[in-house]
Amino acid sequence: MEKDAGDKILVNNASWSFSGKVPITFEDHILKSVPLYPQGHQLILELSDFFLTNHSICYDIGCSTGLLLESLANRHSSIKSEFVGLDIEVDMIEYANNKHKKASNVNFIHSNVVEFDFEKADLIVSYYTLQFVRPKVRQLIINKIYNTLNWGGAFICFEKVRGPDARFQDISNQLYTEFKLNNGYSPENIITKSKSLKGVLEPFSTQGNLDLFRRAGFSDITTIMKYICFEGFLMIK
């Protein structure tokens, strides 16, 4: 039986999905679910100035409703660059295409990143996306991202992260629960969403993510944002 995970998003056990009606309420839901979500967007916009020039290509992996990609395109409207959003959920792509019809230099594509044929790019963004990718293919995707980037290009990756040990993980879980309660979610909403994410959301620790990045070839890596169990990384090839 479906239950409410908050914002009228109905889910079953171990069945979380970004399809169906989720795109309609996604932006409101994510603002109350992920700390500093809009601040992360703003940081990515400001960082993009260091990497995008004329004829650059920028990819947003897991672009959801297209909000971030459109903001990037608007910020760099004075240069001739291409902005491509990829998402595995066809409902998200349809929503993004309907919402951003006027953006001529933005293209939203329904695709599995593992199978997508990338062109050389100067900036690739993954904003809380890899955590939903099966661990067995996550390294393949990071490898592909590294190989896609031009020398001097950047990969900006935000992820939910696990604590380095049990005590820190427990503290992190409790602080994050308080965050969601303070944003109006009921205990039942929180438990329902947690149960729906079983086998769907699989975060790595900070070190686990760094290992992924380094195995792909990245050596210049820094943390650009961290709040409880949410972290942003900047990598330059």
# chains A, B, ... in the order shown; residues from 1 in each chain; ligands from 1
>>> residues_around(residues="Lys80 of chain A", least_positions_apart="3", cutoff="12 Å", atoms="only C-alpha atoms", output="PyMOL selection string")
chain A and resi 52-58+73-77+83+104-106
>>> write_last_selection(atoms="N, CA, C and O atoms", output="CSV table (one decimal), in the first residue's frame")
chain,number,residue,atom,x,y,z
A,52,LEU,N,34.0,27.5,-18.4
A,52,LEU,CA,33.2,27.6,-19.6
A,52,LEU,C,33.6,28.8,-20.4
A,52,LEU,O,33.7,30.0,-19.9
A,53,THR,N,33.9,28.6,-21.7
A,53,THR,CA,34.3,29.6,-22.7
A,53,THR,C,33.5,29.4,-24.0
A,53,THR,O,32.7,28.5,-24.0
A,54,ASN,N,33.8,30.2,-25.0
A,54,ASN,CA,33.2,30.0,-26.3
A,54,ASN,C,33.4,28.5,-26.8
A,54,ASN,O,34.5,28.0,-26.7
A,55,HIS,N,32.3,28.0,-27.2
A,55,HIS,CA,32.3,26.6,-27.8
A,55,HIS,C,32.5,25.5,-26.8
A,55,HIS,O,32.8,24.4,-27.1
A,56,SER,N,32.3,25.8,-25.5
A,56,SER,CA,32.3,24.8,-24.5
A,56,SER,C,31.1,24.0,-24.5
A,56,SER,O,30.0,24.4,-25.0
A,57,ILE,N,31.2,22.7,-24.0
A,57,ILE,CA,30.0,21.9,-23.8
A,57,ILE,C,30.0,21.6,-22.3
A,57,ILE,O,31.0,21.3,-21.7
A,58,CYS,N,28.8,21.7,-21.7
A,58,CYS,CA,28.6,21.5,-20.3
A,58,CYS,C,27.5,20.4,-20.2
A,58,CYS,O,26.4,20.6,-20.8
A,73,ALA,N,23.0,28.0,-18.4
A,73,ALA,CA,22.9,28.6,-19.7
A,73,ALA,C,22.6,30.1,-19.7
A,73,ALA,O,23.2,30.9,-20.5
A,74,ASN,N,21.8,30.5,-18.8
A,74,ASN,CA,21.4,32.0,-18.7
A,74,ASN,C,22.7,32.7,-18.2
A,74,ASN,O,22.9,33.9,-18.7
A,75,ARG,N,23.4,32.2,-17.3
A,75,ARG,CA,24.6,32.9,-16.8
A,75,ARG,C,25.7,33.1,-18.0
A,75,ARG,O,26.4,34.1,-18.0
A,76,HIS,N,25.7,32.1,-18.9
A,76,HIS,CA,26.7,32.2,-19.9
A,76,HIS,C,26.1,32.4,-21.3
A,76,HIS,O,26.5,31.9,-22.3
A,77,SER,N,25.0,33.2,-21.3
A,77,SER,CA,24.3,33.5,-22.6
A,77,SER,C,25.1,34.3,-23.5
A,77,SER,O,24.8,34.4,-24.7
A,83,PHE,N,24.6,23.3,-23.6
A,83,PHE,CA,24.3,22.8,-22.3
A,83,PHE,C,23.4,21.6,-22.5
A,83,PHE,O,22.3,21.8,-23.0
A,104,SER,N,17.4,28.0,-26.3
A,104,SER,CA,17.8,27.4,-27.6
A,104,SER,C,19.1,26.6,-27.5
A,104,SER,O,19.4,25.7,-28.3
A,105,ASN,N,20.0,27.0,-26.5
A,105,ASN,CA,21.3,26.4,-26.3
A,105,ASN,C,21.2,25.3,-25.3
A,105,ASN,O,22.3,24.8,-24.8
A,106,VAL,N,20.0,24.9,-24.8
A,106,VAL,CA,19.9,23.8,-23.8
A,106,VAL,C,19.2,22.6,-24.4
A,106,VAL,O,18.1,22.8,-25.1
>>> select_by_dssp(residues="segment 121-194 of chain A", states="strand (DSSP E or B)", output="ChimeraX atom specification")
/A:121-127,149-160,162
>>> write_last_selection(atoms="N, CA and C atoms", output="compact mmCIF listing (two decimals), in the first residue's frame")
# COMPACT_ATOMS: atom_id res chain seq x y z
N ALA A 121 34.03 17.79 -23.26
CA ALA A 121 33.38 18.84 -22.48
C ALA A 121 34.37 19.56 -21.58
N ASP A 122 33.99 20.80 -21.19
CA ASP A 122 34.80 21.59 -20.27
C ASP A 122 34.25 21.55 -18.84
N LEU A 123 32.98 21.19 -18.72
CA LEU A 123 32.37 21.12 -17.39
C LEU A 123 31.30 20.04 -17.36
N ILE A 124 31.36 19.19 -16.34
CA ILE A 124 30.35 18.17 -16.12
C ILE A 124 29.89 18.30 -14.67
N VAL A 125 28.58 18.29 -14.47
CA VAL A 125 28.00 18.43 -13.14
C VAL A 125 27.17 17.20 -12.81
N SER A 126 27.29 16.73 -11.59
CA SER A 126 26.42 15.67 -11.07
C SER A 126 25.95 16.12 -9.69
N TYR A 127 24.69 16.57 -9.62
CA TYR A 127 24.17 17.18 -8.39
C TYR A 127 23.25 16.19 -7.69
N LEU A 149 36.16 14.79 -20.25
CA LEU A 149 36.64 16.15 -19.99
C LEU A 149 37.87 16.50 -20.81
N ASN A 150 37.89 17.73 -21.29
CA ASN A 150 39.11 18.28 -21.86
C ASN A 150 40.12 18.51 -20.73
N TRP A 151 41.39 18.56 -21.08
CA TRP A 151 42.41 18.87 -20.08
C TRP A 151 42.14 20.26 -19.51
N GLY A 152 42.07 20.36 -18.19
CA GLY A 152 41.73 21.62 -17.54
C GLY A 152 40.25 21.77 -17.27
N GLY A 153 39.45 20.81 -17.76
CA GLY A 153 38.02 20.81 -17.49
C GLY A 153 37.72 20.34 -16.08
N ALA A 154 36.47 20.55 -15.66
CA ALA A 154 36.11 20.26 -14.27
C ALA A 154 34.90 19.34 -14.16
N PHE A 155 34.92 18.55 -13.11
CA PHE A 155 33.78 17.74 -12.71
C PHE A 155 33.35 18.21 -11.33
N ILE A 156 32.11 18.67 -11.21
CA ILE A 156 31.56 19.11 -9.94
C ILE A 156 30.53 18.07 -9.50
N CYS A 157 30.76 17.48 -8.36
CA CYS A 157 29.91 16.38 -7.90
C CYS A 157 29.46 16.62 -6.46
N PHE A 158 28.15 16.66 -6.26
CA PHE A 158 27.56 16.75 -4.93
C PHE A 158 26.92 15.41 -4.59
N GLU A 159 27.15 14.94 -3.37
CA GLU A 159 26.63 13.64 -2.96
C GLU A 159 26.23 13.66 -1.49
N LYS A 160 25.23 12.86 -1.15
CA LYS A 160 25.02 12.53 0.24
C LYS A 160 26.12 11.54 0.62
N ARG A 162 28.12 9.00 3.67
CA ARG A 162 28.05 8.30 4.95
C ARG A 162 29.19 8.77 5.86
>>> closest_residue(among="A:Pro187, A:Val114, A:Ile9, A:Lys226", to="His29 of chain A", atoms="only C-alpha atoms")
A:Ile9
>>> residues_around(residues="segment 230-233 of chain A", least_positions_apart="6", cutoff="12 Å", atoms="only C-alpha atoms", output="PDB file with C-alpha atoms, in the first residue's frame")
ATOM      1  CA  SER A  33      15.018  17.502   1.955  1.00  0.00           C
ATOM      2  CA  VAL A  34      18.572  18.591   1.092  1.00  0.00           C
ATOM      3  CA  PRO A  35      20.343  21.264   3.163  1.00  0.00           C
ATOM      4  CA  LEU A  36      21.785  24.214   1.235  1.00  0.00           C
ATOM      5  CA  TYR A  37      20.292  22.980  -2.047  1.00  0.00           C
ATOM      6  CA  GLN A  39      23.299  27.553  -2.250  1.00  0.00           C
ATOM      7  CA  GLY A  40      24.896  24.558  -3.964  1.00  0.00           C
ATOM      8  CA  HIS A  41      23.351  25.659  -7.253  1.00  0.00           C
ATOM      9  CA  LEU A  43      28.169  27.836  -6.003  1.00  0.00           C
ATOM     10  CA  ILE A  44      28.152  25.753  -9.183  1.00  0.00           C
ATOM     11  CA  LEU A  47      32.494  27.981 -10.322  1.00  0.00           C
ATOM     12  CA  ILE A 124      30.346  18.174 -16.118  1.00  0.00           C
ATOM     13  CA  VAL A 125      28.003  18.428 -13.137  1.00  0.00           C
ATOM     14  CA  SER A 126      26.417  15.672 -11.071  1.00  0.00           C
ATOM     15  CA  TYR A 127      24.167  17.184  -8.394  1.00  0.00           C
ATOM     16  CA  TYR A 128      23.084  14.455  -5.965  1.00  0.00           C
ATOM     17  CA  THR A 129      22.823  11.863  -8.729  1.00  0.00           C
ATOM     18  CA  GLN A 131      24.148   8.139  -4.994  1.00  0.00           C
ATOM     19  CA  ALA A 154      36.113  20.256 -14.269  1.00  0.00           C
ATOM     20  CA  PHE A 155      33.780  17.743 -12.713  1.00  0.00           C
ATOM     21  CA  ILE A 156      31.561  19.106  -9.936  1.00  0.00           C
ATOM     22  CA  CYS A 157      29.913  16.380  -7.896  1.00  0.00           C
ATOM     23  CA  PHE A 158      27.563  16.748  -4.929  1.00  0.00           C
ATOM     24  CA  GLU A 159      26.631  13.644  -2.955  1.00  0.00           C
ATOM     25  CA  LYS A 160      25.016  12.528   0.243  1.00  0.00           C
ATOM     26  CA  VAL A 161      27.845  10.857   2.172  1.00  0.00           C
ATOM     27  CA  ARG A 162      28.048   8.301   4.950  1.00  0.00           C
ATOM     28  CA  GLY A 163      30.026   8.965   8.124  1.00  0.00           C
ATOM     29  CA  SER A 172      24.686  12.553  11.128  1.00  0.00           C
ATOM     30  CA  ASN A 173      21.436  10.575  10.917  1.00  0.00           C
ATOM     31  CA  LEU A 175      20.934  15.795  12.778  1.00  0.00           C
ATOM     32  CA  TYR A 176      19.458  15.106   9.350  1.00  0.00           C
ATOM     33  CA  PRO A 203      25.716   6.757  -0.513  1.00  0.00           C
ATOM     34  CA  PHE A 204      29.449   6.230  -0.152  1.00  0.00           C
ATOM     35  CA  SER A 205      31.592   7.853   2.527  1.00  0.00           C
ATOM     36  CA  THR A 206      33.757  10.842   1.668  1.00  0.00           C
ATOM     37  CA  GLN A 207      36.719   8.489   1.350  1.00  0.00           C
ATOM     38  CA  ASN A 209      33.908   8.861  -3.223  1.00  0.00           C
ATOM     39  CA  LEU A 210      37.505  10.093  -3.271  1.00  0.00           C
ATOM     40  CA  PHE A 213      37.486   9.803  -8.351  1.00  0.00           C
ATOM     41  CA  PHE A 218      41.474  12.654 -10.972  1.00  0.00           C
ATOM     42  CA  ASP A 220      43.308  17.560  -8.191  1.00  0.00           C
ATOM     43  CA  ILE A 221      40.282  17.271  -5.877  1.00  0.00           C
ATOM     44  CA  THR A 222      38.886  19.561  -3.192  1.00  0.00           C
ATOM     45  CA  THR A 223      35.744  19.797  -1.085  1.00  0.00           C
ATOM     46  CA  ILE A 224      33.783  22.958  -1.908  1.00  0.00           C
TER      47      ILE A 224
END
>>> closest_residue(among="A:Ile88, A:Ile171, A:Ala216, A:Ile228", to="Thr148 of chain A", atoms="only C-alpha atoms")
A:Ala216
>>> decode(residues="segment 129-146 of chain A", atoms="N, CA and C atoms", output="PDB file, in the first residue's frame")
ATOM      1  N   THR A 129      23.286  12.854  -7.758  1.00  0.00           N
ATOM      2  CA  THR A 129      22.823  11.863  -8.729  1.00  0.00           C
ATOM      3  C   THR A 129      23.494  10.504  -8.555  1.00  0.00           C
ATOM      4  N   LEU A 130      24.813  10.487  -8.404  1.00  0.00           N
ATOM      5  CA  LEU A 130      25.543   9.214  -8.367  1.00  0.00           C
ATOM      6  C   LEU A 130      25.097   8.320  -7.217  1.00  0.00           C
ATOM      7  N   GLN A 131      24.592   8.918  -6.153  1.00  0.00           N
ATOM      8  CA  GLN A 131      24.148   8.139  -4.994  1.00  0.00           C
ATOM      9  C   GLN A 131      22.984   7.209  -5.351  1.00  0.00           C
ATOM     10  N   PHE A 132      22.305   7.503  -6.463  1.00  0.00           N
ATOM     11  CA  PHE A 132      21.198   6.666  -6.915  1.00  0.00           C
ATOM     12  C   PHE A 132      21.620   5.662  -7.986  1.00  0.00           C
ATOM     13  N   VAL A 133      22.893   5.701  -8.369  1.00  0.00           N
ATOM     14  CA  VAL A 133      23.418   4.778  -9.377  1.00  0.00           C
ATOM     15  C   VAL A 133      23.915   3.513  -8.690  1.00  0.00           C
ATOM     16  N   ARG A 134      23.615   2.369  -9.263  1.00  0.00           N
ATOM     17  CA  ARG A 134      24.078   1.109  -8.699  1.00  0.00           C
ATOM     18  C   ARG A 134      25.599   1.132  -8.522  1.00  0.00           C
ATOM     19  N   PRO A 135      26.092   0.757  -7.344  1.00  0.00           N
ATOM     20  CA  PRO A 135      27.538   0.788  -7.105  1.00  0.00           C
ATOM     21  C   PRO A 135      28.356   0.039  -8.147  1.00  0.00           C
ATOM     22  N   LYS A 136      27.800  -1.025  -8.720  1.00  0.00           N
ATOM     23  CA  LYS A 136      28.569  -1.834  -9.662  1.00  0.00           C
ATOM     24  C   LYS A 136      28.897  -1.102 -10.962  1.00  0.00           C
ATOM     25  N   VAL A 137      28.158  -0.008 -11.267  1.00  0.00           N
ATOM     26  CA  VAL A 137      28.461   0.749 -12.485  1.00  0.00           C
ATOM     27  C   VAL A 137      28.959   2.159 -12.192  1.00  0.00           C
ATOM     28  N   ARG A 138      29.043   2.510 -10.917  1.00  0.00           N
ATOM     29  CA  ARG A 138      29.424   3.882 -10.561  1.00  0.00           C
ATOM     30  C   ARG A 138      30.837   4.214 -11.033  1.00  0.00           C
ATOM     31  N   GLN A 139      31.760   3.280 -10.870  1.00  0.00           N
ATOM     32  CA  GLN A 139      33.131   3.530 -11.313  1.00  0.00           C
ATOM     33  C   GLN A 139      33.206   3.715 -12.825  1.00  0.00           C
ATOM     34  N   LEU A 140      32.409   2.951 -13.553  1.00  0.00           N
ATOM     35  CA  LEU A 140      32.383   3.078 -15.016  1.00  0.00           C
ATOM     36  C   LEU A 140      31.964   4.486 -15.425  1.00  0.00           C
ATOM     37  N   ILE A 141      30.992   5.050 -14.698  1.00  0.00           N
ATOM     38  CA  ILE A 141      30.511   6.391 -15.017  1.00  0.00           C
ATOM     39  C   ILE A 141      31.574   7.444 -14.710  1.00  0.00           C
ATOM     40  N   ILE A 142      32.234   7.319 -13.560  1.00  0.00           N
ATOM     41  CA  ILE A 142      33.290   8.286 -13.212  1.00  0.00           C
ATOM     42  C   ILE A 142      34.434   8.198 -14.220  1.00  0.00           C
ATOM     43  N   ASN A 143      34.783   6.990 -14.631  1.00  0.00           N
ATOM     44  CA  ASN A 143      35.819   6.819 -15.658  1.00  0.00           C
ATOM     45  C   ASN A 143      35.422   7.535 -16.948  1.00  0.00           C
ATOM     46  N   LYS A 144      34.153   7.385 -17.303  1.00  0.00           N
ATOM     47  CA  LYS A 144      33.653   7.999 -18.541  1.00  0.00           C
ATOM     48  C   LYS A 144      33.684   9.518 -18.439  1.00  0.00           C
ATOM     49  N   ILE A 145      33.329  10.037 -17.276  1.00  0.00           N
ATOM     50  CA  ILE A 145      33.363  11.482 -17.055  1.00  0.00           C
ATOM     51  C   ILE A 145      34.788  12.009 -17.201  1.00  0.00           C
ATOM     52  N   TYR A 146      35.734  11.320 -16.577  1.00  0.00           N
ATOM     53  CA  TYR A 146      37.134  11.745 -16.665  1.00  0.00           C
ATOM     54  C   TYR A 146      37.608  11.771 -18.120  1.00  0.00           C
TER      55      TYR A 146
END
